[in-house]
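For reference, data35.txt is printed below; it contains compact mmCIF, C-alpha atoms.
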# COMPACT_ATOMS: atom_id res chain seq x y z
CA MET A 257 0.00 0.00 0.00
CA TYR A 258 2.77 2.45 0.93
CA LYS A 259 4.64 1.71 -2.29
CA TYR A 260 1.49 2.40 -4.27
CA VAL A 261 0.95 5.75 -2.52
CA ILE A 262 4.55 6.80 -3.09
CA LYS A 263 4.33 5.77 -6.74
CA ARG A 264 1.17 7.79 -7.25
CA LEU A 265 2.68 10.81 -5.54
CA LEU A 266 5.73 10.62 -7.79
CA LEU A 267 3.48 10.41 -10.85
CA THR A 268 1.91 13.75 -9.88
CA ILE A 269 5.23 15.52 -10.50
CA PRO A 270 5.09 15.29 -14.33
CA VAL A 271 1.39 16.13 -14.21
CA LEU A 272 2.04 19.30 -12.22
CA PHE A 273 5.01 20.19 -14.41
CA GLY A 274 2.91 19.79 -17.55
CA ALA A 275 0.07 21.89 -16.14
CA THR A 276 2.54 24.57 -15.07
CA PHE A 277 4.21 24.69 -18.47
CA LEU A 278 0.89 24.84 -20.33
CA VAL A 279 -0.61 27.64 -18.22
CA PHE A 280 2.66 29.59 -18.16
CA THR A 281 2.84 29.39 -21.96
CA ILE A 282 -0.73 30.63 -22.36
CA MET A 283 -0.17 33.54 -19.98
CA TYR A 284 3.11 34.41 -21.73
CA LEU A 285 1.43 34.53 -25.15
CA THR A 286 -1.46 36.73 -24.03
CA PRO A 287 -1.00 40.45 -24.72
CA GLY A 288 0.03 42.84 -21.95
CA ASP A 289 2.85 43.13 -19.46
CA PRO A 290 3.06 43.39 -15.65
CA GLY A 291 4.63 46.86 -15.77
CA SER A 292 1.60 48.38 -17.46
CA LEU A 293 -0.72 46.52 -15.10
CA ILE A 294 1.02 47.70 -11.94
CA LEU A 295 1.82 51.28 -12.93
CA GLY A 296 -1.24 51.89 -15.10
CA MET A 297 -1.58 52.85 -18.74
CA THR A 298 -0.79 56.51 -17.98
CA ALA A 299 2.72 55.74 -16.68
CA LYS A 300 5.79 56.65 -18.67
CA GLN A 301 7.14 53.96 -20.97
CA ALA A 302 10.57 54.25 -19.37
CA ASP A 303 9.11 53.47 -15.94
CA ILE A 304 7.14 50.53 -17.36
CA ASP A 305 10.24 49.11 -19.06
CA ALA A 306 12.27 49.50 -15.87
CA LEU A 307 9.67 47.66 -13.80
CA ASN A 308 9.37 44.88 -16.39
CA HIS A 309 13.15 44.49 -16.28
CA ALA A 310 13.12 44.33 -12.48
CA LEU A 311 10.43 41.65 -12.57
CA GLY A 312 12.24 39.72 -15.29
CA ALA A 313 9.28 40.06 -17.66
CA ASP A 314 11.55 41.16 -20.53
CA GLN A 315 13.57 37.94 -20.46
CA PRO A 316 13.09 35.05 -22.95
CA PHE A 317 10.31 32.59 -22.33
CA PHE A 318 12.41 29.65 -21.16
CA THR A 319 14.47 31.89 -18.87
CA GLN A 320 11.31 33.14 -17.17
CA PHE A 321 9.90 29.63 -16.87
CA PHE A 322 13.14 28.23 -15.47
CA ASN A 323 13.36 31.04 -12.89
CA TYR A 324 9.75 30.46 -11.87
CA ILE A 325 10.30 26.72 -11.34
CA LYS A 326 13.59 27.39 -9.53
CA ASP A 327 11.92 29.79 -7.08
CA ILE A 328 9.21 27.23 -6.33
CA VAL A 329 11.60 24.32 -5.81
CA THR A 330 14.34 26.13 -3.89
CA GLU A 331 12.41 28.77 -1.93
CA PHE A 332 8.77 27.67 -2.22
CA ASP A 333 8.15 31.15 -3.60
CA PHE A 334 5.15 31.46 -5.93
CA GLY A 335 5.60 35.17 -6.49
CA ILE A 336 3.82 38.43 -5.70
CA SER A 337 0.46 39.39 -7.14
CA TYR A 338 0.67 42.15 -9.71
CA ARG A 339 -2.67 43.55 -8.52
CA THR A 340 -2.36 43.50 -4.73
CA ARG A 341 1.45 43.39 -4.38
CA MET A 342 0.98 40.67 -1.77
CA PRO A 343 2.11 37.01 -1.77
CA VAL A 344 -0.28 35.16 -4.06
CA PHE A 345 -1.12 32.40 -1.59
CA ASN A 346 -2.46 34.92 0.93
CA GLU A 347 -5.47 35.64 -1.26
CA ILE A 348 -5.83 32.05 -2.49
CA LEU A 349 -5.96 30.64 1.04
CA ALA A 350 -8.33 33.40 2.12
CA ARG A 351 -10.76 32.53 -0.69
CA PHE A 352 -10.38 28.74 -0.66
CA PRO A 353 -12.74 28.00 2.30
CA ALA A 354 -15.70 29.49 0.42
CA THR A 355 -14.97 27.36 -2.65
CA PHE A 356 -14.28 24.26 -0.56
CA TRP A 357 -17.52 24.36 1.43
CA LEU A 358 -19.56 25.24 -1.64
CA THR A 359 -18.07 22.29 -3.53
CA LEU A 360 -18.27 19.88 -0.59
CA TRP A 361 -21.94 20.45 0.19
CA SER A 362 -22.97 20.38 -3.46
CA CYS A 363 -21.10 17.11 -4.08
CA LEU A 364 -22.50 15.49 -0.93
CA LEU A 365 -26.04 16.55 -1.75
CA GLY A 366 -25.66 15.44 -5.36
CA ALA A 367 -24.15 12.08 -4.38
CA VAL A 368 -26.77 11.19 -1.77
CA ILE A 369 -29.78 12.15 -3.87
CA GLY A 370 -28.28 10.91 -7.15
CA ILE A 371 -27.30 7.47 -5.82
CA ILE A 372 -30.65 6.90 -4.09
CA LEU A 373 -32.65 7.91 -7.17
CA GLY A 374 -30.32 5.93 -9.43
CA VAL A 375 -30.87 2.76 -7.40
CA ILE A 376 -34.64 3.29 -7.46
CA SER A 377 -34.55 3.88 -11.21
CA ALA A 378 -32.57 0.66 -11.77
CA VAL A 379 -34.79 -1.46 -9.53
CA LYS A 380 -37.94 -0.04 -11.17
CA GLN A 381 -36.58 -0.36 -14.71
CA TYR A 382 -39.00 0.66 -17.52
CA SER A 383 -41.58 1.85 -15.00
CA VAL A 384 -43.17 5.30 -15.04
CA LEU A 385 -40.88 6.39 -12.19
CA ASP A 386 -37.83 5.17 -14.11
CA ASN A 387 -38.86 7.14 -17.19
CA VAL A 388 -39.49 10.28 -15.12
CA LEU A 389 -36.12 10.06 -13.37
CA THR A 390 -34.25 9.35 -16.62
CA THR A 391 -35.92 12.25 -18.42
CA THR A 392 -35.34 14.59 -15.48
CA SER A 393 -31.65 13.71 -15.34
CA MET A 394 -31.28 14.34 -19.07
CA VAL A 395 -33.00 17.72 -18.79
CA LEU A 396 -30.85 18.77 -15.84
CA SER A 397 -27.73 17.77 -17.74
CA ALA A 398 -28.76 19.85 -20.75
CA VAL A 399 -29.76 23.02 -18.87
CA PRO A 400 -26.87 25.51 -18.47
CA GLY A 401 -25.76 26.15 -14.91
CA PHE A 402 -25.94 29.93 -15.20
CA TRP A 403 -29.60 29.71 -16.35
CA LEU A 404 -30.49 27.57 -13.34
CA ALA A 405 -28.69 30.02 -11.09
CA LEU A 406 -30.58 32.99 -12.53
CA MET A 407 -33.94 31.18 -12.29
CA LEU A 408 -33.38 30.19 -8.67
CA MET A 409 -32.27 33.71 -7.86
CA LEU A 410 -35.33 35.17 -9.60
CA ILE A 411 -37.78 32.89 -7.78
CA PHE A 412 -36.35 32.56 -4.26
CA SER A 413 -34.60 35.92 -3.92
CA LEU A 414 -36.45 38.50 -6.02
CA LYS A 415 -39.99 37.08 -6.05
CA LEU A 416 -40.29 35.29 -2.71
CA GLY A 417 -37.51 37.06 -0.81
CA LEU A 418 -36.63 33.89 1.09
CA LEU A 419 -32.91 33.64 0.36
CA PRO A 420 -30.07 36.09 -0.33
CA SER A 421 -29.12 36.53 -3.97
CA ASN A 422 -25.37 36.97 -3.48
CA GLY A 423 -22.59 36.73 -0.95
CA LEU A 424 -21.91 34.29 1.86
CA ASP A 425 -22.69 36.46 4.84
CA SER A 426 -24.68 33.64 6.49
CA TRP A 427 -25.39 29.95 6.00
CA GLN A 428 -28.43 30.90 3.93
CA GLY A 429 -26.10 32.32 1.29
CA TYR A 430 -24.88 28.79 0.53
CA ILE A 431 -28.33 27.38 -0.27
CA LEU A 432 -28.86 28.65 -3.83
CA PRO A 433 -25.26 28.09 -5.04
CA VAL A 434 -25.19 24.60 -3.51
CA ILE A 435 -28.52 23.66 -5.10
CA THR A 436 -27.39 24.99 -8.49
CA LEU A 437 -24.13 23.05 -8.42
CA SER A 438 -25.69 19.89 -7.01
CA LEU A 439 -28.37 19.62 -9.72
CA SER A 440 -25.84 18.75 -12.39
CA ASN A 441 -24.18 16.27 -9.99
CA ILE A 442 -27.54 14.69 -9.25
CA ALA A 443 -28.24 14.22 -12.96
CA ALA A 444 -24.86 12.60 -13.61
CA ASP A 445 -25.06 10.33 -10.53
CA ILE A 446 -28.58 9.16 -11.40
CA ARG A 447 -27.57 8.04 -14.88
CA LEU A 448 -24.30 6.43 -13.80
CA THR A 449 -25.78 4.67 -10.76
CA ARG A 450 -28.67 3.36 -12.83
CA SER A 451 -26.40 1.94 -15.54
CA THR A 452 -23.96 0.31 -13.10
CA MET A 453 -26.78 -1.11 -10.98
CA LEU A 454 -28.47 -2.61 -14.03
CA GLU A 455 -25.20 -4.24 -15.01
CA THR A 456 -24.52 -5.51 -11.49
CA ILE A 457 -27.93 -6.99 -10.71
CA ARG A 458 -27.66 -9.22 -13.79
CA MET A 459 -24.46 -10.89 -12.55
CA ASP A 460 -24.35 -14.50 -11.39
CA TYR A 461 -23.68 -13.83 -7.71
CA ILE A 462 -26.79 -11.64 -7.51
CA ARG A 463 -28.92 -14.41 -9.01
CA THR A 464 -27.32 -16.84 -6.55
CA ALA A 465 -28.19 -14.61 -3.61
CA LYS A 466 -31.77 -14.33 -4.82
CA SER A 467 -32.05 -18.09 -5.34
CA LYS A 468 -30.95 -18.68 -1.74
CA GLY A 469 -33.89 -16.61 -0.57
CA ALA A 470 -32.06 -13.43 0.45
CA PRO A 471 -34.43 -10.47 0.88
CA SER A 472 -34.48 -8.00 -2.00
CA LYS A 473 -33.21 -5.14 0.18
CA ILE A 474 -30.21 -7.20 1.28
CA VAL A 475 -29.42 -8.18 -2.30
CA ILE A 476 -29.68 -4.63 -3.59
CA PHE A 477 -27.98 -2.64 -0.86
CA ARG A 478 -25.48 -5.14 0.56
CA HIS A 479 -24.40 -7.05 -2.54
CA ALA A 480 -25.24 -5.09 -5.68
CA LEU A 481 -24.82 -1.47 -4.58
CA LYS A 482 -21.39 -2.00 -3.03
CA ASN A 483 -19.90 -3.16 -6.34
CA ALA A 484 -21.92 -0.73 -8.44
CA LEU A 485 -20.51 2.21 -6.49
CA LEU A 486 -16.95 1.83 -7.84
CA PRO A 487 -17.44 3.90 -11.03
CA VAL A 488 -19.81 6.23 -9.19
CA LEU A 489 -17.12 6.91 -6.60
CA THR A 490 -14.69 7.83 -9.37
CA SER A 491 -17.24 10.19 -10.88
CA ILE A 492 -17.89 11.85 -7.53
CA GLY A 493 -14.17 12.30 -6.89
CA MET A 494 -13.53 13.77 -10.32
CA GLY A 495 -16.57 16.02 -9.96
CA PHE A 496 -15.38 17.27 -6.59
CA GLY A 497 -11.91 18.02 -7.90
CA ALA A 498 -13.23 19.71 -11.02
CA SER A 499 -15.74 21.80 -9.04
CA LEU A 500 -12.97 23.27 -6.89
CA GLY A 501 -11.79 25.26 -9.90
CA GLY A 502 -14.75 24.88 -12.20
CA ALA A 503 -17.46 26.65 -10.21
CA VAL A 504 -16.45 29.93 -11.82
CA ILE A 505 -19.85 30.70 -13.36
CA ILE A 506 -21.77 29.94 -10.17
CA GLU A 507 -19.34 31.97 -8.07
CA THR A 508 -19.69 34.88 -10.48
CA VAL A 509 -23.49 34.79 -10.63
CA PHE A 510 -23.95 34.55 -6.87
CA GLY A 511 -21.01 36.81 -5.98
CA VAL A 512 -19.16 34.07 -4.08
CA PRO A 513 -15.61 35.20 -3.23
CA GLY A 514 -13.99 31.92 -4.22
CA VAL A 515 -10.87 30.71 -6.00
CA GLY A 516 -12.65 30.43 -9.34
CA GLN A 517 -13.69 34.07 -9.29
CA LEU A 518 -10.15 35.00 -8.26
CA MET A 519 -8.69 33.14 -11.25
CA VAL A 520 -11.08 34.86 -13.68
CA THR A 521 -10.11 38.27 -12.33
CA ALA A 522 -6.41 37.40 -12.47
CA ILE A 523 -6.66 36.12 -16.06
CA ARG A 524 -8.46 39.27 -17.20
CA GLN A 525 -5.73 41.45 -15.69
CA LYS A 526 -2.89 39.07 -16.66
CA ASP A 527 -1.86 38.59 -13.06
CA THR A 528 0.40 35.68 -14.00
CA PRO A 529 1.69 34.80 -10.48
CA THR A 530 -1.86 34.50 -9.15
CA VAL A 531 -3.04 32.41 -12.10
CA MET A 532 -0.04 30.09 -11.84
CA ALA A 533 -0.29 29.63 -8.08
CA ALA A 534 -4.05 29.00 -8.19
CA THR A 535 -3.62 26.49 -11.02
CA LEU A 536 -0.91 24.58 -9.17
CA PHE A 537 -2.88 24.66 -5.95
CA LEU A 538 -6.00 23.22 -7.59
CA ALA A 539 -3.96 20.68 -9.58
CA VAL A 540 -2.34 19.36 -6.39
CA LEU A 541 -5.75 19.10 -4.71
CA PHE A 542 -7.20 17.25 -7.71
CA CYS A 543 -4.33 14.73 -7.71
CA LEU A 544 -4.71 14.15 -3.97
CA ILE A 545 -8.46 13.69 -4.29
CA MET A 546 -8.04 11.07 -7.01
CA LEU A 547 -5.43 9.30 -4.87
CA ILE A 548 -7.90 9.19 -1.99
CA VAL A 549 -10.56 7.79 -4.33
CA ASP A 550 -8.18 5.04 -5.47
CA LEU A 551 -7.40 4.16 -1.87
CA LEU A 552 -11.09 4.00 -1.02
CA TYR A 553 -11.43 1.39 -3.75
CA ALA A 554 -9.39 -0.98 -1.58
CA TYR A 555 -11.98 -0.82 1.19
CA ILE A 556 -14.89 -1.31 -1.20
CA ASP A 557 -13.46 -4.02 -3.46
CA PRO A 558 -11.55 -6.82 -1.64
CA ARG A 559 -9.82 -7.79 -4.91
CA LEU A 560 -8.07 -4.42 -5.06
CA LYS A 561 -7.19 -4.62 -1.37
CA ALA A 562 -5.42 -7.93 -1.96
CA LYS A 563 -3.62 -6.41 -4.95
CA TYR A 564 -2.33 -3.49 -2.86
CA LYS A 565 -1.12 -5.82 -0.12
CA SER A 566 0.79 -7.91 -2.61
Would you mind writing the file's structure down as structure tokens?
Amino acid sequence: MYKYVIKRLLLTIPVLFGATFLVFTIMYLTPGDPGSLILGMTAKQADIDALNHALGADQPFFTQFFNYIKDIVTEFDFGISYRTRMPVFNEILARFPATFWLTLWSCLLGAVIGIILGVISAVKQYSVLDNVLTTTSMVLSAVPGFWLALMLMLIFSLKLGLLPSNGLDSWQGYILPVITLSLSNIAADIRLTRSTMLETIRMDYIRTAKSKGAPSKIVIFRHALKNALLPVLTSIGMGFGASLGGAVIIETVFGVPGVGQLMVTAIRQKDTPTVMAATLFLAVLFCLIMLIVDLLYAYIDPRLKAKYKS
């Protein structure tokens, strides 16, 4: 098990290096320079050139990239934000709790509701309830997230006045963003759980359990669901990792001060240190989340547990 964890951690190094190189290249090719951003467009060109030289922004691409990697490896220095002139991780860590809790609650809500409805849809295959759940999941998957956010805001905030429309000043501010994010998760989990359950309940060991007189609930929830959850668990883990940096639209619509909104602002203003640090931070979290998912497999599937031990 320990060898497997170490191997997976080592494999994250090329992944992080590739993500860093790709994002750094994109930011380098975009128009603009840090001197103009910091001093403003009304500053003298000589002052802008001097600041760019001091920041190393006038050096060749590979020189800048090498210096950036060297500062991270040797000093754990991710740079200073061009906008705030503060260490980039100060703002990232300040905004991360909002994104984390928003993502966590939406994924938990989506997983619980999606798995339960997916199991019901599989057990009641071709029934009216199955058709309703399948159609609903397809509709939720097709509807854009920003439209759902605007509709929920229009109904519950503007019309009914029950919930705040933006900000996270209280726990009530999480309700609409969490519901909006969880609806797409619910749709995906319903379809995936239904398909894996239908495949699992047709296997020989399920028919054997039924022939021995095991109650239907025991067969479904103890035998079938446990094995059917393996691909669902992967989907939930990938969805959680992706939502950490992918909830940009929802954070923007509801005014959530999260990491996604920070990255959008930094990209618009070509705040390269902030974009790079946020990308690396989210990439590390995504790799760790997928490692945790793989380790959870060992406790769900005894075959994988035996493989890890060997």
Neighbour list for region 500-513 of chain A as an mmCIF file with C-alpha atoms, keeping the file's coordinate frame, cut-off 10 Å, all atoms listed in the file, skip fewer than 2 positions in-chain:
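In the end it all went to result-v4.cif:
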data_model
loop_
_atom_site.group_PDB
_atom_site.id
_atom_site.type_symbol
_atom_site.label_atom_id
_atom_site.label_comp_id
_atom_site.auth_asym_id
_atom_site.auth_seq_id
_atom_site.Cartn_x
_atom_site.Cartn_y
_atom_site.Cartn_z
ATOM 1 C CA ALA A 350 -8.330 33.400 2.120
ATOM 2 C CA ARG A 351 -10.760 32.530 -0.690
ATOM 3 C CA PHE A 352 -10.380 28.740 -0.660
ATOM 4 C CA PRO A 353 -12.740 28.000 2.300
ATOM 5 C CA ALA A 354 -15.700 29.490 0.420
ATOM 6 C CA THR A 355 -14.970 27.360 -2.650
ATOM 7 C CA PHE A 356 -14.280 24.260 -0.560
ATOM 8 C CA TRP A 357 -17.520 24.360 1.430
ATOM 9 C CA LEU A 358 -19.560 25.240 -1.640
ATOM 10 C CA THR A 359 -18.070 22.290 -3.530
ATOM 11 C CA LEU A 360 -18.270 19.880 -0.590
ATOM 12 C CA GLY A 401 -25.760 26.150 -14.910
ATOM 13 C CA PHE A 402 -25.940 29.930 -15.200
ATOM 14 C CA TRP A 403 -29.600 29.710 -16.350
ATOM 15 C CA LEU A 404 -30.490 27.570 -13.340
ATOM 16 C CA ALA A 405 -28.690 30.020 -11.090
ATOM 17 C CA LEU A 406 -30.580 32.990 -12.530
ATOM 18 C CA MET A 409 -32.270 33.710 -7.860
ATOM 19 C CA PRO A 420 -30.070 36.090 -0.330
ATOM 20 C CA SER A 421 -29.120 36.530 -3.970
ATOM 21 C CA ASN A 422 -25.370 36.970 -3.480
ATOM 22 C CA GLY A 423 -22.590 36.730 -0.950
ATOM 23 C CA LEU A 424 -21.910 34.290 1.860
ATOM 24 C CA ASP A 425 -22.690 36.460 4.840
ATOM 25 C CA GLY A 429 -26.100 32.320 1.290
ATOM 26 C CA TYR A 430 -24.880 28.790 0.530
ATOM 27 C CA LEU A 432 -28.860 28.650 -3.830
ATOM 28 C CA PRO A 433 -25.260 28.090 -5.040
ATOM 29 C CA VAL A 434 -25.190 24.600 -3.510
ATOM 30 C CA THR A 436 -27.390 24.990 -8.490
ATOM 31 C CA LEU A 437 -24.130 23.050 -8.420
ATOM 32 C CA GLY A 495 -16.570 16.020 -9.960
ATOM 33 C CA PHE A 496 -15.380 17.270 -6.590
ATOM 34 C CA GLY A 497 -11.910 18.020 -7.900
ATOM 35 C CA ALA A 498 -13.230 19.710 -11.020
ATOM 36 C CA VAL A 515 -10.870 30.710 -6.000
ATOM 37 C CA GLY A 516 -12.650 30.430 -9.340
ATOM 38 C CA GLN A 517 -13.690 34.070 -9.290
ATOM 39 C CA LEU A 518 -10.150 35.000 -8.260
ATOM 40 C CA MET A 519 -8.690 33.140 -11.250
ATOM 41 C CA VAL A 520 -11.080 34.860 -13.680
ATOM 42 C CA ALA A 534 -4.050 29.000 -8.190
ATOM 43 C CA THR A 535 -3.620 26.490 -11.020
ATOM 44 C CA PHE A 537 -2.880 24.660 -5.950
ATOM 45 C CA LEU A 538 -6.000 23.220 -7.590
ATOM 46 C CA ALA A 539 -3.960 20.680 -9.580
ATOM 47 C CA LEU A 541 -5.750 19.100 -4.710
ATOM 48 C CA PHE A 542 -7.200 17.250 -7.710
#
CA of Thr390 (chain A) to CA of Leu486 (chain A): how many Å, to one decimal?
->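 Distance reported for this atom pair: 20.8 Å.
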Which is closer to Ile431 (chain A) than all the others in A:Lys526, A:Val384, A:Ile282, A:Ser362, using only C-alpha atoms?
->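 Ranked by minimum distance to Ile431 (chain A), first place goes to A:Ser362.
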Give as a PyMOL selection string every residue, naming chains and numbers as the document does, that has an atom within 10 Å of (-25.4, -4.8, -9.9), counting all atoms listed in the file.
-> chain A and resi 375+378-379+449-462+475-477+479-485
May I ask for the distance between CA of Asp445 (chain A) and CA of Gly370 (chain A), given in Å to one decimal place?
-> 4.7 Å
At most 12 Å from (-1.4, 45.4, -5.6), file frame, all atoms listed in the file: which residues, as an MDAnalysis selection string?
-> chainID A and resid 290:291 293:296 336:344 347 522 525 527 530
What does the file look like for those residues with C-alpha atoms, as a short mmCIF file (atom, residue, chain, number, x, y, z; two decimals), keeping the file's coordinate frame?
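For reference, part-v2.cif as written:
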data_model
loop_
_atom_site.label_atom_id
_atom_site.label_comp_id
_atom_site.auth_asym_id
_atom_site.auth_seq_id
_atom_site.Cartn_x
_atom_site.Cartn_y
_atom_site.Cartn_z
CA PRO A 290 3.06 43.39 -15.65
CA GLY A 291 4.63 46.86 -15.77
CA LEU A 293 -0.72 46.52 -15.10
CA ILE A 294 1.02 47.70 -11.94
CA LEU A 295 1.82 51.28 -12.93
CA GLY A 296 -1.24 51.89 -15.10
CA ILE A 336 3.82 38.43 -5.70
CA SER A 337 0.46 39.39 -7.14
CA TYR A 338 0.67 42.15 -9.71
CA ARG A 339 -2.67 43.55 -8.52
CA THR A 340 -2.36 43.50 -4.73
CA ARG A 341 1.45 43.39 -4.38
CA MET A 342 0.98 40.67 -1.77
CA PRO A 343 2.11 37.01 -1.77
CA VAL A 344 -0.28 35.16 -4.06
CA GLU A 347 -5.47 35.64 -1.26
CA ALA A 522 -6.41 37.40 -12.47
CA GLN A 525 -5.73 41.45 -15.69
CA ASP A 527 -1.86 38.59 -13.06
CA THR A 530 -1.86 34.50 -9.15
#
Straight-line distance linking CA of Gly374 (chain A) with CA of Ala398 (chain A), stated in Å to one decimal =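 Computing the Euclidean distance for CA of Gly374 (chain A) and CA of Ala398 (chain A) yields 18.0 Å.
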Which is closest to Ala313 (chain A) among A:Thr528, A:Pro487, A:Met494, A:Lys300, if we use only C-alpha atoms?
->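 Among A:Thr528, A:Pro487, A:Met494, A:Lys300, it is A:Thr528 that comes nearest to Ala313 (chain A).
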Counting only C-alpha atoms, figure out which residue out of A:Leu278, A:Leu307, A:Leu536, A:Val395 gets nearest to Ser292 (chain A).
->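 Of A:Leu278, A:Leu307, A:Leu536, A:Val395, the one nearest Ser292 (chain A), counting only C-alpha atoms, is A:Leu307.
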So which residues touch region 261-277 of chain A within 8 Å, counting only C-alpha atoms, skipping near sequence neighbours fewer than 2 positions away, as a count of residues only?
-> 14
Might I get the box with edges along x, y and z of the file that holds all atoms of region 441-449 of chain A listed there, padded by 5 Å on every side, given as centre and edge lengths in Å to one decimal, as AutoDock Vina command-line options?
--center_x -26.4 --center_y 10.5 --center_z -12.1 --size_x 14.4 --size_y 21.6 --size_z 15.6
With only C-alpha atoms as the basis for distance, which of A:Ala302, A:Pro400, A:Ser393, A:Leu285 is at the shortest distance from Pro316 (chain A)?
->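 Nearest candidate to Pro316 (chain A) out of A:Ala302, A:Pro400, A:Ser393, A:Leu285: A:Leu285.
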May I ask you to restore all heavy atoms in region 543-549 of chain A and write the result as an mmCIF file, in the frame of the given file?
data_model
loop_
_atom_site.group_PDB
_atom_site.id
_atom_site.type_symbol
_atom_site.label_atom_id
_atom_site.label_comp_id
_atom_site.auth_asym_id
_atom_site.auth_seq_id
_atom_site.Cartn_x
_atom_site.Cartn_y
_atom_site.Cartn_z
ATOM 1 N N CYS A 543 -5.122 15.967 -7.754
ATOM 2 C CA CYS A 543 -4.330 14.730 -7.710
ATOM 3 C C CYS A 543 -4.500 14.013 -6.377
ATOM 4 O O CYS A 543 -4.614 12.777 -6.331
ATOM 5 C CB CYS A 543 -2.854 15.046 -7.963
ATOM 6 S SG CYS A 543 -2.461 15.599 -9.641
ATOM 7 N N LEU A 544 -4.527 14.759 -5.279
ATOM 8 C CA LEU A 544 -4.710 14.150 -3.970
ATOM 9 C C LEU A 544 -6.095 13.534 -3.822
ATOM 10 O O LEU A 544 -6.257 12.458 -3.233
ATOM 11 C CB LEU A 544 -4.470 15.189 -2.867
ATOM 12 C CG LEU A 544 -3.034 15.689 -2.711
ATOM 13 C CD1 LEU A 544 -2.963 16.763 -1.630
ATOM 14 C CD2 LEU A 544 -2.087 14.539 -2.373
ATOM 15 N N ILE A 545 -7.102 14.214 -4.364
ATOM 16 C CA ILE A 545 -8.460 13.690 -4.290
ATOM 17 C C ILE A 545 -8.575 12.372 -5.059
ATOM 18 O O ILE A 545 -9.174 11.399 -4.580
ATOM 19 C CB ILE A 545 -9.467 14.723 -4.831
ATOM 20 C CG1 ILE A 545 -9.578 15.893 -3.856
ATOM 21 C CG2 ILE A 545 -10.848 14.089 -5.041
ATOM 22 C CD1 ILE A 545 -10.357 17.067 -4.399
ATOM 23 N N MET A 546 -7.989 12.310 -6.243
ATOM 24 C CA MET A 546 -8.040 11.070 -7.010
ATOM 25 C C MET A 546 -7.251 9.956 -6.347
ATOM 26 O O MET A 546 -7.614 8.777 -6.442
ATOM 27 C CB MET A 546 -7.508 11.320 -8.433
ATOM 28 C CG MET A 546 -8.343 12.290 -9.247
ATOM 29 S SD MET A 546 -10.124 11.934 -9.192
ATOM 30 C CE MET A 546 -10.200 10.280 -9.876
ATOM 31 N N LEU A 547 -6.165 10.309 -5.633
ATOM 32 C CA LEU A 547 -5.430 9.300 -4.870
ATOM 33 C C LEU A 547 -6.293 8.756 -3.739
ATOM 34 O O LEU A 547 -6.322 7.531 -3.494
ATOM 35 C CB LEU A 547 -4.141 9.909 -4.306
ATOM 36 C CG LEU A 547 -3.325 9.011 -3.364
ATOM 37 C CD1 LEU A 547 -2.889 7.741 -4.068
ATOM 38 C CD2 LEU A 547 -2.114 9.772 -2.823
ATOM 39 N N ILE A 548 -7.015 9.630 -3.060
ATOM 40 C CA ILE A 548 -7.900 9.190 -1.990
ATOM 41 C C ILE A 548 -9.000 8.280 -2.534
ATOM 42 O O ILE A 548 -9.364 7.266 -1.922
ATOM 43 C CB ILE A 548 -8.507 10.415 -1.263
ATOM 44 C CG1 ILE A 548 -7.410 11.179 -0.521
ATOM 45 C CG2 ILE A 548 -9.607 9.988 -0.296
ATOM 46 C CD1 ILE A 548 -7.873 12.492 0.080
ATOM 47 N N VAL A 549 -9.533 8.630 -3.706
ATOM 48 C CA VAL A 549 -10.560 7.790 -4.330
ATOM 49 C C VAL A 549 -10.007 6.402 -4.634
ATOM 50 O O VAL A 549 -10.662 5.379 -4.379
ATOM 51 C CB VAL A 549 -11.086 8.455 -5.618
ATOM 52 C CG1 VAL A 549 -11.971 7.490 -6.401
ATOM 53 C CG2 VAL A 549 -11.873 9.715 -5.278
#
